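K.L.:
What follows is model_13.cif; its format and atoms are mmCIF, C-alpha atoms (C1' of nucleotides).
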```cif
data_input
loop_
_atom_site.group_PDB
_atom_site.id
_atom_site.type_symbol
_atom_site.label_atom_id
_atom_site.label_comp_id
_atom_site.auth_asym_id
_atom_site.auth_seq_id
_atom_site.Cartn_x
_atom_site.Cartn_y
_atom_site.Cartn_z
ATOM 1 C CA MET Q 146 -3.866 -6.070 -21.486
ATOM 2 C CA PRO Q 147 -7.282 -7.243 -22.508
ATOM 3 C CA GLU Q 148 -7.416 -10.823 -23.710
ATOM 4 C CA LEU Q 149 -10.468 -13.040 -24.038
ATOM 5 C CA PRO Q 150 -11.508 -13.065 -20.348
ATOM 6 C CA GLU Q 151 -11.289 -9.293 -20.058
ATOM 7 C CA VAL Q 152 -13.199 -8.707 -23.297
ATOM 8 C CA GLU Q 153 -15.826 -11.263 -22.288
ATOM 9 C CA THR Q 154 -16.232 -9.535 -18.916
ATOM 10 C CA VAL Q 155 -16.854 -6.267 -20.733
ATOM 11 C CA ARG Q 156 -19.251 -7.962 -23.155
ATOM 12 C CA LEU Q 157 -21.300 -9.476 -20.338
ATOM 13 C CA GLU Q 158 -21.703 -6.039 -18.795
ATOM 14 C CA LEU Q 159 -22.481 -4.275 -22.082
ATOM 15 C CA GLU Q 160 -25.053 -6.739 -23.365
ATOM 16 C CA PRO Q 161 -28.013 -5.900 -21.080
ATOM 17 C CA ILE Q 162 -27.269 -2.180 -21.314
ATOM 18 C CA LEU Q 163 -26.878 -1.914 -25.083
ATOM 19 C CA VAL Q 164 -29.269 -4.387 -26.679
ATOM 20 C CA ASN Q 165 -32.238 -2.622 -28.300
ATOM 21 C CA GLN Q 166 -30.777 0.826 -27.690
ATOM 22 C CA LYS Q 167 -30.560 3.234 -30.581
ATOM 23 C CA ILE Q 168 -27.338 5.107 -31.319
ATOM 24 C CA LEU Q 169 -28.252 8.789 -31.457
ATOM 25 C CA SER Q 170 -24.829 10.205 -32.263
ATOM 26 C CA ALA Q 171 -21.200 9.217 -32.541
ATOM 27 C CA SER Q 172 -18.447 11.717 -31.910
ATOM 28 C CA LEU Q 173 -14.702 11.363 -32.141
ATOM 29 C CA VAL Q 174 -12.276 13.154 -29.852
ATOM 30 C CA ASP Q 175 -8.610 13.153 -30.888
ATOM 31 C CA ALA Q 176 -9.308 9.836 -32.609
ATOM 32 C CA ILE Q 177 -5.962 9.223 -34.262
ATOM 33 C CA PRO Q 178 -4.922 7.184 -36.189
ATOM 34 C CA ALA Q 179 -8.022 7.732 -38.309
ATOM 35 C CA LYS Q 180 -7.763 4.282 -39.846
ATOM 36 C CA LYS Q 181 -8.775 2.793 -36.516
ATOM 37 C CA TYR Q 182 -11.938 4.908 -36.262
ATOM 38 C CA GLN Q 183 -13.744 4.528 -39.574
ATOM 39 C CA ASP Q 184 -17.310 5.001 -40.719
ATOM 40 C CA LEU Q 185 -18.882 5.602 -37.313
ATOM 41 C CA GLU Q 186 -21.443 7.911 -38.920
ATOM 42 C CA LEU Q 187 -23.029 4.817 -40.480
ATOM 43 C CA ALA Q 188 -24.045 3.676 -36.987
ATOM 44 C CA ILE Q 189 -26.080 6.781 -36.243
ATOM 45 C CA GLY Q 190 -29.802 6.060 -36.070
ATOM 46 C CA GLN Q 191 -29.216 2.298 -35.896
ATOM 47 C CA THR Q 192 -30.327 0.005 -33.108
ATOM 48 C CA ILE Q 193 -27.893 -2.383 -31.421
ATOM 49 C CA LYS Q 194 -29.311 -5.867 -31.956
ATOM 50 C CA SER Q 195 -26.718 -7.940 -30.101
ATOM 51 C CA VAL Q 196 -23.372 -7.676 -28.351
ATOM 52 C CA ASN Q 197 -21.004 -10.440 -29.405
ATOM 53 C CA ARG Q 198 -17.350 -11.295 -29.037
ATOM 54 C CA ARG Q 199 -14.910 -12.963 -31.394
ATOM 55 C CA GLY Q 200 -11.530 -13.580 -29.799
ATOM 56 C CA LYS Q 201 -10.553 -10.205 -28.372
ATOM 57 C CA PHE Q 202 -12.898 -8.246 -30.652
ATOM 58 C CA LEU Q 203 -16.275 -6.946 -29.534
ATOM 59 C CA ILE Q 204 -18.817 -7.084 -32.353
ATOM 60 C CA LEU Q 205 -22.039 -5.106 -31.993
ATOM 61 C CA GLU Q 206 -24.653 -6.158 -34.507
ATOM 62 C CA LEU Q 207 -26.562 -3.159 -35.867
ATOM 63 C CA SER Q 208 -30.009 -3.049 -37.443
ATOM 64 C CA ASN Q 209 -28.816 -2.126 -40.937
ATOM 65 C CA ASN Q 210 -26.610 -5.161 -41.643
ATOM 66 C CA LEU Q 211 -23.565 -3.384 -40.292
ATOM 67 C CA GLU Q 212 -21.382 -4.193 -37.322
ATOM 68 C CA LEU Q 213 -19.636 -1.934 -34.866
ATOM 69 C CA ILE Q 214 -16.243 -3.488 -34.166
ATOM 70 C CA ILE Q 215 -14.428 -2.535 -30.979
ATOM 71 C CA HIS Q 216 -10.950 -3.685 -30.021
ATOM 72 C CA LEU Q 217 -9.564 -2.594 -26.671
ATOM 73 C CA GLY Q 218 -5.937 -2.938 -27.763
ATOM 74 C CA MET Q 219 -3.668 -2.479 -24.762
ATOM 75 C CA THR Q 220 -5.384 0.289 -22.856
ATOM 76 C CA GLY Q 221 -8.952 0.513 -24.119
ATOM 77 C CA VAL Q 222 -11.634 1.052 -21.467
ATOM 78 C CA ILE Q 223 -15.395 1.395 -21.960
ATOM 79 C CA ALA Q 224 -17.663 3.146 -19.464
ATOM 80 C CA PHE Q 225 -20.954 5.019 -19.271
ATOM 81 C CA LYS Q 226 -19.429 8.027 -17.595
ATOM 82 C CA GLU Q 227 -16.978 10.696 -18.672
ATOM 83 C CA PHE Q 228 -13.255 10.013 -18.441
ATOM 84 C CA GLU Q 229 -10.879 12.772 -17.462
ATOM 85 C CA LYS Q 230 -8.416 12.092 -20.273
ATOM 86 C CA HIS Q 231 -7.788 10.130 -23.458
ATOM 87 C CA VAL Q 232 -11.405 9.718 -24.562
ATOM 88 C CA ARG Q 233 -11.545 8.782 -28.251
ATOM 89 C CA VAL Q 234 -15.250 8.070 -28.863
ATOM 90 C CA LYS Q 235 -18.552 9.111 -27.362
ATOM 91 C CA LEU Q 236 -21.715 7.289 -28.419
ATOM 92 C CA GLU Q 237 -24.936 8.983 -27.384
ATOM 93 C CA LEU Q 238 -27.652 6.403 -26.766
ATOM 94 C CA GLU Q 239 -31.280 6.704 -25.746
ATOM 95 C CA ASN Q 240 -30.725 5.925 -22.060
ATOM 96 C CA ASN Q 241 -27.071 6.875 -21.540
ATOM 97 C CA SER Q 242 -23.777 7.569 -23.322
ATOM 98 C CA LEU Q 243 -20.925 5.183 -23.944
ATOM 99 C CA TYR Q 244 -17.354 6.457 -23.729
ATOM 100 C CA PHE Q 245 -14.268 4.771 -25.159
ATOM 101 C CA GLN Q 246 -10.967 5.715 -23.573
ATOM 102 C CA ASP Q 247 -7.649 4.600 -25.033
ATOM 103 C CA VAL Q 248 -4.420 5.998 -23.655
ATOM 104 C CA ARG Q 249 -2.022 4.282 -26.023
ATOM 105 C CA ARG Q 250 -4.116 4.277 -29.169
ATOM 106 C CA PHE Q 251 -3.797 0.576 -29.907
ATOM 107 C CA GLY Q 252 -7.554 0.151 -29.804
ATOM 108 C CA ARG Q 253 -10.039 0.297 -32.657
ATOM 109 C CA PHE Q 254 -13.616 1.452 -33.005
ATOM 110 C CA LEU Q 255 -15.127 1.152 -36.466
ATOM 111 C CA VAL Q 256 -18.138 0.161 -38.511
ATOM 112 C CA VAL Q 257 -17.945 -2.546 -41.164
ATOM 113 C CA LYS Q 258 -20.363 -4.475 -43.344
ATOM 114 C CA ALA Q 259 -21.580 -7.472 -41.341
ATOM 115 C CA LYS Q 260 -19.110 -10.375 -41.485
ATOM 116 C CA ASP Q 261 -16.848 -8.455 -43.845
ATOM 117 C CA TYR Q 262 -13.493 -8.745 -42.150
ATOM 118 C CA LYS Q 263 -11.180 -8.631 -45.171
ATOM 119 C CA SER Q 264 -9.580 -5.451 -43.905
ATOM 120 C CA MET Q 265 -8.876 -7.109 -40.542
ATOM 121 C CA PRO Q 266 -6.571 -10.055 -41.203
ATOM 122 C CA THR Q 267 -6.487 -11.403 -37.656
ATOM 123 C CA LEU Q 268 -10.259 -11.494 -37.340
ATOM 124 C CA HIS Q 269 -10.550 -12.827 -40.870
ATOM 125 C CA LYS Q 270 -8.296 -15.827 -40.210
ATOM 126 C CA MET Q 271 -9.193 -16.428 -36.589
ATOM 127 C CA GLY Q 272 -9.448 -19.951 -35.204
ATOM 128 C CA PRO Q 273 -12.413 -21.285 -33.237
ATOM 129 C CA GLU Q 274 -13.704 -19.833 -30.014
ATOM 130 C CA PRO Q 275 -12.233 -21.801 -27.103
ATOM 131 C CA PHE Q 276 -15.657 -22.447 -25.554
ATOM 132 C CA SER Q 277 -17.244 -23.584 -28.820
ATOM 133 C CA LYS Q 278 -17.786 -27.116 -30.033
ATOM 134 C CA GLN Q 279 -15.548 -26.306 -33.001
ATOM 135 C CA PHE Q 280 -12.548 -26.230 -30.661
ATOM 136 C CA THR Q 281 -11.810 -29.942 -30.569
ATOM 137 C CA ASN Q 282 -8.703 -31.987 -29.885
ATOM 138 C CA LYS Q 283 -8.596 -33.024 -33.519
ATOM 139 C CA GLN Q 284 -8.978 -29.506 -34.893
ATOM 140 C CA PHE Q 285 -6.417 -28.124 -32.439
ATOM 141 C CA PHE Q 286 -3.887 -30.848 -33.181
ATOM 142 C CA THR Q 287 -4.321 -30.432 -36.941
ATOM 143 C CA ALA Q 288 -3.869 -26.666 -36.652
ATOM 144 C CA LEU Q 289 -0.694 -26.976 -34.597
ATOM 145 C CA GLN Q 290 0.721 -29.556 -37.012
ATOM 146 C CA LYS Q 291 0.755 -26.834 -39.664
ATOM 147 C CA SER Q 292 3.265 -24.591 -37.963
ATOM 148 C CA ASN Q 293 7.003 -24.727 -37.622
ATOM 149 C CA THR Q 294 6.921 -21.735 -35.262
ATOM 150 C CA ALA Q 295 7.398 -21.784 -31.500
ATOM 151 C CA LEU Q 296 4.150 -22.944 -29.914
ATOM 152 C CA LYS Q 297 3.730 -19.784 -27.873
ATOM 153 C CA THR Q 298 4.195 -17.522 -30.876
ATOM 154 C CA TYR Q 299 1.725 -19.533 -32.933
ATOM 155 C CA LEU Q 300 -0.904 -19.442 -30.186
ATOM 156 C CA LEU Q 301 -0.600 -15.656 -30.113
ATOM 157 C CA SER Q 302 -1.429 -15.552 -33.838
ATOM 158 C CA GLN Q 303 -5.091 -16.390 -33.010
ATOM 159 C CA LYS Q 304 -5.074 -19.011 -35.791
ATOM 160 C CA PRO Q 305 -5.227 -22.295 -33.849
ATOM 161 C CA VAL Q 306 -7.644 -20.892 -31.259
ATOM 162 C CA ALA Q 307 -9.063 -17.423 -30.617
ATOM 163 C CA GLY Q 308 -8.551 -15.116 -27.689
ATOM 164 C CA LEU Q 309 -5.201 -15.968 -26.120
ATOM 165 C CA GLY Q 310 -2.719 -13.199 -25.346
ATOM 166 C CA ASN Q 311 0.597 -13.043 -23.607
ATOM 167 C CA ILE Q 312 -0.693 -13.680 -20.094
ATOM 168 C CA TYR Q 313 -2.928 -16.688 -20.694
ATOM 169 C CA VAL Q 314 -0.564 -18.383 -23.127
ATOM 170 C CA ASP Q 315 2.188 -18.358 -20.508
ATOM 171 C CA GLU Q 316 -0.222 -19.592 -17.842
ATOM 172 C CA ALA Q 317 -1.644 -22.401 -19.986
ATOM 173 C CA LEU Q 318 1.779 -23.662 -21.067
ATOM 174 C CA TRP Q 319 2.985 -23.688 -17.454
ATOM 175 C CA GLN Q 320 -0.131 -25.582 -16.407
ATOM 176 C CA VAL Q 321 0.559 -28.423 -18.831
ATOM 177 C CA LYS Q 322 4.368 -28.310 -18.550
ATOM 178 C CA ILE Q 323 5.135 -27.462 -22.164
ATOM 179 C CA ASN Q 324 8.136 -25.345 -23.049
ATOM 180 C CA PRO Q 325 6.982 -22.236 -24.934
ATOM 181 C CA GLN Q 326 9.846 -22.627 -27.417
ATOM 182 C CA THR Q 327 8.737 -26.062 -28.586
ATOM 183 C CA LYS Q 328 7.726 -26.014 -32.215
ATOM 184 C CA ALA Q 329 3.963 -26.172 -32.573
ATOM 185 C CA LYS Q 330 4.099 -29.191 -34.858
ATOM 186 C CA ASP Q 331 6.179 -31.139 -32.367
ATOM 187 C CA ILE Q 332 3.459 -31.207 -29.702
ATOM 188 C CA SER Q 333 2.100 -34.724 -29.230
ATOM 189 C CA LEU Q 334 -1.592 -35.431 -29.436
ATOM 190 C CA ALA Q 335 -1.624 -36.293 -25.735
ATOM 191 C CA LYS Q 336 -0.181 -32.885 -24.861
ATOM 192 C CA VAL Q 337 -2.478 -31.100 -27.263
ATOM 193 C CA LYS Q 338 -5.422 -32.632 -25.431
ATOM 194 C CA ARG Q 339 -4.167 -31.460 -22.070
ATOM 195 C CA LEU Q 340 -3.346 -28.018 -23.438
ATOM 196 C CA ARG Q 341 -6.822 -27.616 -24.887
ATOM 197 C CA LYS Q 342 -8.362 -28.487 -21.549
ATOM 198 C CA ALA Q 343 -6.064 -26.112 -19.673
ATOM 199 C CA ILE Q 344 -6.841 -23.231 -22.034
ATOM 200 C CA ILE Q 345 -10.569 -23.665 -21.487
ATOM 201 C CA GLU Q 346 -10.219 -23.972 -17.715
ATOM 202 C CA ILE Q 347 -7.884 -21.010 -17.287
ATOM 203 C CA LEU Q 348 -9.956 -18.694 -19.462
ATOM 204 C CA GLN Q 349 -13.106 -19.744 -17.627
ATOM 205 C CA ALA Q 350 -11.510 -19.192 -14.218
ATOM 206 C CA SER Q 351 -10.340 -15.756 -15.288
ATOM 207 C CA ILE Q 352 -13.789 -14.763 -16.544
ATOM 208 C CA GLU Q 353 -15.140 -15.749 -13.140
ATOM 209 C CA ALA Q 354 -12.592 -13.392 -11.571
ATOM 210 C CA GLN Q 355 -13.548 -10.647 -14.067
ATOM 211 C CA GLY Q 356 -10.174 -10.913 -15.801
ATOM 212 C CA THR Q 357 -6.672 -9.760 -14.930
ATOM 213 C CA THR Q 358 -5.877 -6.158 -14.062
ATOM 214 C CA LEU Q 359 -2.165 -5.370 -14.137
ATOM 215 C CA ASN Q 360 -2.388 -1.687 -14.994
ATOM 216 C CA ASP Q 361 -5.075 -0.241 -17.228
ATOM 217 C CA TYR Q 362 -7.798 -2.814 -17.646
ATOM 218 C CA ARG Q 363 -11.101 -2.038 -15.920
ATOM 219 C CA THR Q 364 -14.562 -3.517 -16.148
ATOM 220 C CA VAL Q 365 -17.350 -1.310 -17.491
ATOM 221 C CA SER Q 366 -18.322 -0.483 -13.918
ATOM 222 C CA GLY Q 367 -14.712 0.540 -13.216
ATOM 223 C CA GLU Q 368 -13.612 -2.440 -11.159
ATOM 224 C CA VAL Q 369 -10.323 -4.288 -11.413
ATOM 225 C CA GLY Q 370 -10.152 -7.948 -12.475
ATOM 226 C CA GLU Q 371 -8.924 -10.227 -9.718
ATOM 227 C CA TYR Q 372 -7.311 -13.026 -11.712
ATOM 228 C CA ALA Q 373 -3.892 -11.391 -11.215
ATOM 229 C CA ASN Q 374 -3.933 -13.098 -7.813
ATOM 230 C CA GLN Q 375 -4.096 -16.496 -9.484
ATOM 231 C CA LEU Q 376 -1.265 -16.077 -11.998
ATOM 232 C CA ASN Q 377 1.461 -18.680 -11.588
ATOM 233 C CA VAL Q 378 4.206 -17.461 -13.939
ATOM 234 C CA TYR Q 379 3.257 -14.276 -15.785
ATOM 235 C CA GLY Q 380 5.105 -11.402 -14.148
ATOM 236 C CA HIS Q 381 6.675 -13.754 -11.620
ATOM 237 C CA THR Q 382 10.214 -13.691 -12.981
ATOM 238 C CA GLY Q 383 12.740 -14.815 -10.363
ATOM 239 C CA GLU Q 384 10.080 -16.103 -8.000
ATOM 240 C CA PRO Q 385 9.803 -19.811 -7.138
ATOM 241 C CA CYS Q 386 7.680 -22.003 -9.382
ATOM 242 C CA PRO Q 387 4.515 -22.847 -7.404
ATOM 243 C CA ARG Q 388 5.062 -26.529 -8.280
ATOM 244 C CA CYS Q 389 8.790 -27.190 -7.980
ATOM 245 C CA LYS Q 390 10.273 -24.000 -6.458
ATOM 246 C CA THR Q 391 12.708 -23.486 -9.347
ATOM 247 C CA GLU Q 392 13.089 -19.813 -10.263
ATOM 248 C CA ILE Q 393 10.727 -18.639 -12.996
ATOM 249 C CA GLU Q 394 12.637 -17.450 -16.044
ATOM 250 C CA ARG Q 395 11.793 -14.698 -18.479
ATOM 251 C CA ILE Q 396 12.892 -14.795 -22.101
ATOM 252 C CA ILE Q 397 11.866 -12.938 -25.247
ATOM 253 C CA LEU Q 398 10.037 -15.064 -27.787
ATOM 254 C CA GLY Q 399 8.577 -13.570 -30.940
ATOM 255 C CA GLY Q 400 9.374 -10.184 -29.456
ATOM 256 C CA ARG Q 401 7.240 -10.853 -26.362
ATOM 257 C CA SER Q 402 8.050 -11.431 -22.700
ATOM 258 C CA THR Q 403 7.714 -15.128 -21.972
ATOM 259 C CA HIS Q 404 7.590 -16.550 -18.453
ATOM 260 C CA PHE Q 405 8.140 -20.216 -17.693
ATOM 261 C CA CYS Q 406 9.646 -22.710 -15.275
ATOM 262 C CA PRO Q 407 12.881 -24.105 -16.757
ATOM 263 C CA LYS Q 408 12.493 -27.322 -14.791
ATOM 264 C CA CYS Q 409 8.771 -28.145 -15.128
ATOM 265 C CA GLN Q 410 8.732 -26.905 -18.706
ATOM 266 C CA ASN Q 411 12.023 -28.394 -19.818
ATOM 267 C CA ILE Q 412 12.362 -29.122 -23.522
ATOM 268 C CA ASN Q 413 11.551 -32.771 -24.088
ATOM 269 C "C1'" DC A 185 3.072 -18.529 -49.185
ATOM 270 C "C1'" DG A 186 5.400 -18.987 -44.229
ATOM 271 C "C1'" DC A 187 7.782 -17.004 -40.868
ATOM 272 C "C1'" DA A 188 10.542 -13.249 -38.512
ATOM 273 C "C1'" DT A 189 10.966 -8.653 -37.472
ATOM 274 C "C1'" DT A 190 9.471 -3.977 -37.020
ATOM 275 C "C1'" DT A 191 6.091 -0.521 -36.166
ATOM 276 C "C1'" DC A 192 2.568 1.895 -33.852
ATOM 277 C "C1'" DC A 193 1.712 4.563 -29.192
ATOM 278 C "C1'" DT A 194 2.238 6.872 -24.338
ATOM 279 C "C1'" DG A 195 2.568 6.653 -19.246
ATOM 280 C "C1'" DG A 196 5.393 4.975 -15.765
ATOM 281 C "C1'" DT A 197 9.734 4.391 -13.991
ATOM 282 C "C1'" DA A 198 14.819 3.693 -13.365
ATOM 283 C "C1'" DG A 199 18.977 6.039 -13.382
ATOM 284 C "C1'" DC A 200 21.610 10.091 -13.146
ATOM 285 C "C1'" DT J 59 13.740 18.845 -10.542
ATOM 286 C "C1'" DG J 60 14.213 17.460 -15.013
ATOM 287 C "C1'" DC J 61 16.260 14.941 -18.425
ATOM 288 C "C1'" DT J 62 16.994 10.548 -21.190
ATOM 289 C "C1'" DA J 63 16.321 5.734 -22.071
ATOM 290 C "C1'" DC J 64 13.640 2.003 -21.852
ATOM 291 C "C1'" DC J 65 9.640 -1.064 -21.202
ATOM 292 C "C1'" DA J 66 4.786 -2.970 -21.752
ATOM 293 C "C1'" DG J 67 2.202 -5.851 -26.210
ATOM 294 C "C1'" DG J 68 -2.165 -6.852 -30.052
ATOM 295 C "C1'" DA J 69 -2.399 -6.560 -34.532
ATOM 296 C "C1'" DA J 70 -0.813 -4.764 -38.905
ATOM 297 C "C1'" DA J 71 2.824 -3.814 -41.877
ATOM 298 C "C1'" DT J 72 7.059 -4.880 -43.753
ATOM 299 C "C1'" DG J 73 11.031 -7.774 -44.955
ATOM 300 C "C1'" DC J 74 13.051 -11.947 -46.577
#
```
Show this structure as structure tokens.
P.N.:
Amino acid sequence: MPELPEVETVRLELEPILVNQKILSASLVDAIPAKKYQDLELAIGQTIKSVNRRGKFLILELSNNLELIIHLGMTGVIAFKEFEKHVRVKLELENNSLYFQDVRRFGRFLVVKAKDYKSMPTLHKMGPEPFSKQFTNKQFFTALQKSNTALKTYLLSQKPVAGLGNIYVDEALWQVKINPQTKAKDISLAKVKRLRKAIIEILQASIEAQGTTLNDYRTVSGEVGEYANQLNVYGHTGEPCPRCKTEIERIILGGRSTHFCPKCQNIN
DNA sequence: CGCATTTCCTGGTAGC
DNA sequence: TGCTACCAGGAAATGC
């Protein structure tokens, strides 16, 4: 499930291939629901000026003050070769063709006016990038103070910081020994500082491993991400905690699988 | 408005 | 072999 490290891995591969290439055509194949594939015809004839990322969204800057927004959802994969099944978009470029595959249709591929994200509430209200100077201890603490929700659930909202999904939230909270059910506003400043640091370090380490492949995620060149080998709690239900050997528990929080060590991450 | 819950979607798999 | 039931989760939609 692509989160920030997986999307950044894809971005790093796309950037040198796409920048300064013109989009010659855009075709949709079984691209349903239509709402997730809007206005691609506006990209035809435009040149890709830059390949950026905001949280889990890829944002391709086009020459006519438009942006091509791509979200991989759960099963989105981008490549420069044909897929056998589940292709939704083909972009013909000058030097090659980009294909977007999405088995479960959670992904999006659409053109919007630059910086106009009103129709995309998550992107519109997204917190700072974790590697930016805007992501500070003060900002993070202030953001968390605003929410009465379980910390894990609030982190998944993308509001306090961008890019975290189910895997990296569980990993970061285990790293700093915070119970995922703790209310966001109850986290002390000292713990917020450690959590901020852990988030940055874990995301960085995963980018270096080209992300986490559990099932569908692939890099643009078709490789798997190797960070799955470094996960401590996600998907490790019933296995011993790498720190204290207590069995890792799995609960449902905000409708999502949540993995944690009941001893290390005891409610305080 | 905040927060909780439900919905979308399909392949893989467990159980029979 | 084939059927049903269930699970995975990011973001949007809906409900309260």
K.L.:
Go through the shown structure with the PyMOL selection byres ((chain Q) within 12 of (chain A)) and write out the matching residues as a JSON list (two decimals) with C-alpha atoms, keeping the file's coordinate frame.
P.N.:
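That gives us result.json:
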```json
[["chain", "number", "residue", "atom", "x", "y", "z"],
["Q", 177, "ILE", "CA", -5.96, 9.22, -34.26],
["Q", 178, "PRO", "CA", -4.92, 7.18, -36.19],
["Q", 181, "LYS", "CA", -8.78, 2.79, -36.52],
["Q", 218, "GLY", "CA", -5.94, -2.94, -27.76],
["Q", 219, "MET", "CA", -3.67, -2.48, -24.76],
["Q", 220, "THR", "CA", -5.38, 0.29, -22.86],
["Q", 231, "HIS", "CA", -7.79, 10.13, -23.46],
["Q", 247, "ASP", "CA", -7.65, 4.60, -25.03],
["Q", 248, "VAL", "CA", -4.42, 6.00, -23.66],
["Q", 249, "ARG", "CA", -2.02, 4.28, -26.02],
["Q", 250, "ARG", "CA", -4.12, 4.28, -29.17],
["Q", 251, "PHE", "CA", -3.80, 0.58, -29.91],
["Q", 252, "GLY", "CA", -7.55, 0.15, -29.80],
["Q", 291, "LYS", "CA", 0.76, -26.83, -39.66],
["Q", 292, "SER", "CA", 3.26, -24.59, -37.96],
["Q", 293, "ASN", "CA", 7.00, -24.73, -37.62],
["Q", 294, "THR", "CA", 6.92, -21.74, -35.26],
["Q", 295, "ALA", "CA", 7.40, -21.78, -31.50],
["Q", 298, "THR", "CA", 4.20, -17.52, -30.88],
["Q", 299, "TYR", "CA", 1.72, -19.53, -32.93],
["Q", 302, "SER", "CA", -1.43, -15.55, -33.84],
["Q", 360, "ASN", "CA", -2.39, -1.69, -14.99],
["Q", 361, "ASP", "CA", -5.08, -0.24, -17.23],
["Q", 398, "LEU", "CA", 10.04, -15.06, -27.79],
["Q", 399, "GLY", "CA", 8.58, -13.57, -30.94],
["Q", 400, "GLY", "CA", 9.37, -10.18, -29.46],
["Q", 401, "ARG", "CA", 7.24, -10.85, -26.36]]
```
K.L.:
Show me as JSON, numbers by chain the residues that reach within 10 Å of (-16.0, -17.3, -26.2), counting all atoms listed in the file and using the file's own coordinates.
P.N.:
{"Q": [149, 150, 152, 153, 197, 198, 199, 200, 201, 273, 274, 275, 276, 277, 307, 308, 345, 348, 349]}
K.L.:
CA of Ala329 (chain Q) and CA of Leu289 (chain Q) are how many Å apart?
P.N.:
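One can read the CA of Ala329 (chain Q) to CA of Leu289 (chain Q) distance as 5.1 Å.
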K.L.:
Per residue of chain J within 10 Å of chain Q, record the nearest atom pair and its distance in Å to one decimal, counting all atoms listed in the file, with rows in chain order and ascending residue number, as JSON lines.
P.N.:
```
{"residue": "J:DA66", "atom": "C1'", "partner": "Q:Met219", "partner_atom": "CA", "distance": 9.0}
{"residue": "J:DG67", "atom": "C1'", "partner": "Q:Met219", "partner_atom": "CA", "distance": 6.9}
{"residue": "J:DG68", "atom": "C1'", "partner": "Q:Gly218", "partner_atom": "CA", "distance": 5.9}
{"residue": "J:DA69", "atom": "C1'", "partner": "Q:Thr267", "partner_atom": "CA", "distance": 7.1}
{"residue": "J:DA70", "atom": "C1'", "partner": "Q:Pro266", "partner_atom": "CA", "distance": 8.2}
```
K.L.:
If you count all atoms listed in the file, which residues fall within 7 Å of region 183-194 of chain Q, apart from same-chain ones fewer than 6 positions away, as a VMD selection string?
P.N.:
chain Q and resid 163 to 171 205 to 209 255 to 256
K.L.:
Just the number, please: distance in Å from CA of Arg233 (chain Q) to CA of Lys263 (chain Q), one decimal.
P.N.:
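Taking CA of Arg233 (chain Q) and CA of Lys263 (chain Q), their separation equals 24.3 Å.
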K.L.:
Tell me which protein, DNA and RNA residues are within 9 Å of Val314 (chain Q), counting only C-alpha atoms (C1' of nucleotides), leaving out same-chain ones fewer than 2 positions away, and put them as an NGL selection string.
P.N.:
:Q and (297 or 300-301 or 309-312 or 316-319 or 325 or 344 or 403)
K.L.:
Quick one: which residues end up in the PyMOL selection byres ((chain Q and resi 358) around 7) for this structure, as a list in words?
P.N.:
Gly356, Thr357, Leu359, Asn360, Asp361, Tyr362, Arg363, Val369, Gly370, Glu371 and Ala373 of chain Q
K.L.:
In Å to one decimal, how far is CA of Val365 (chain Q) from CA of Arg156 (chain Q)?
P.N.:
8.9 Å
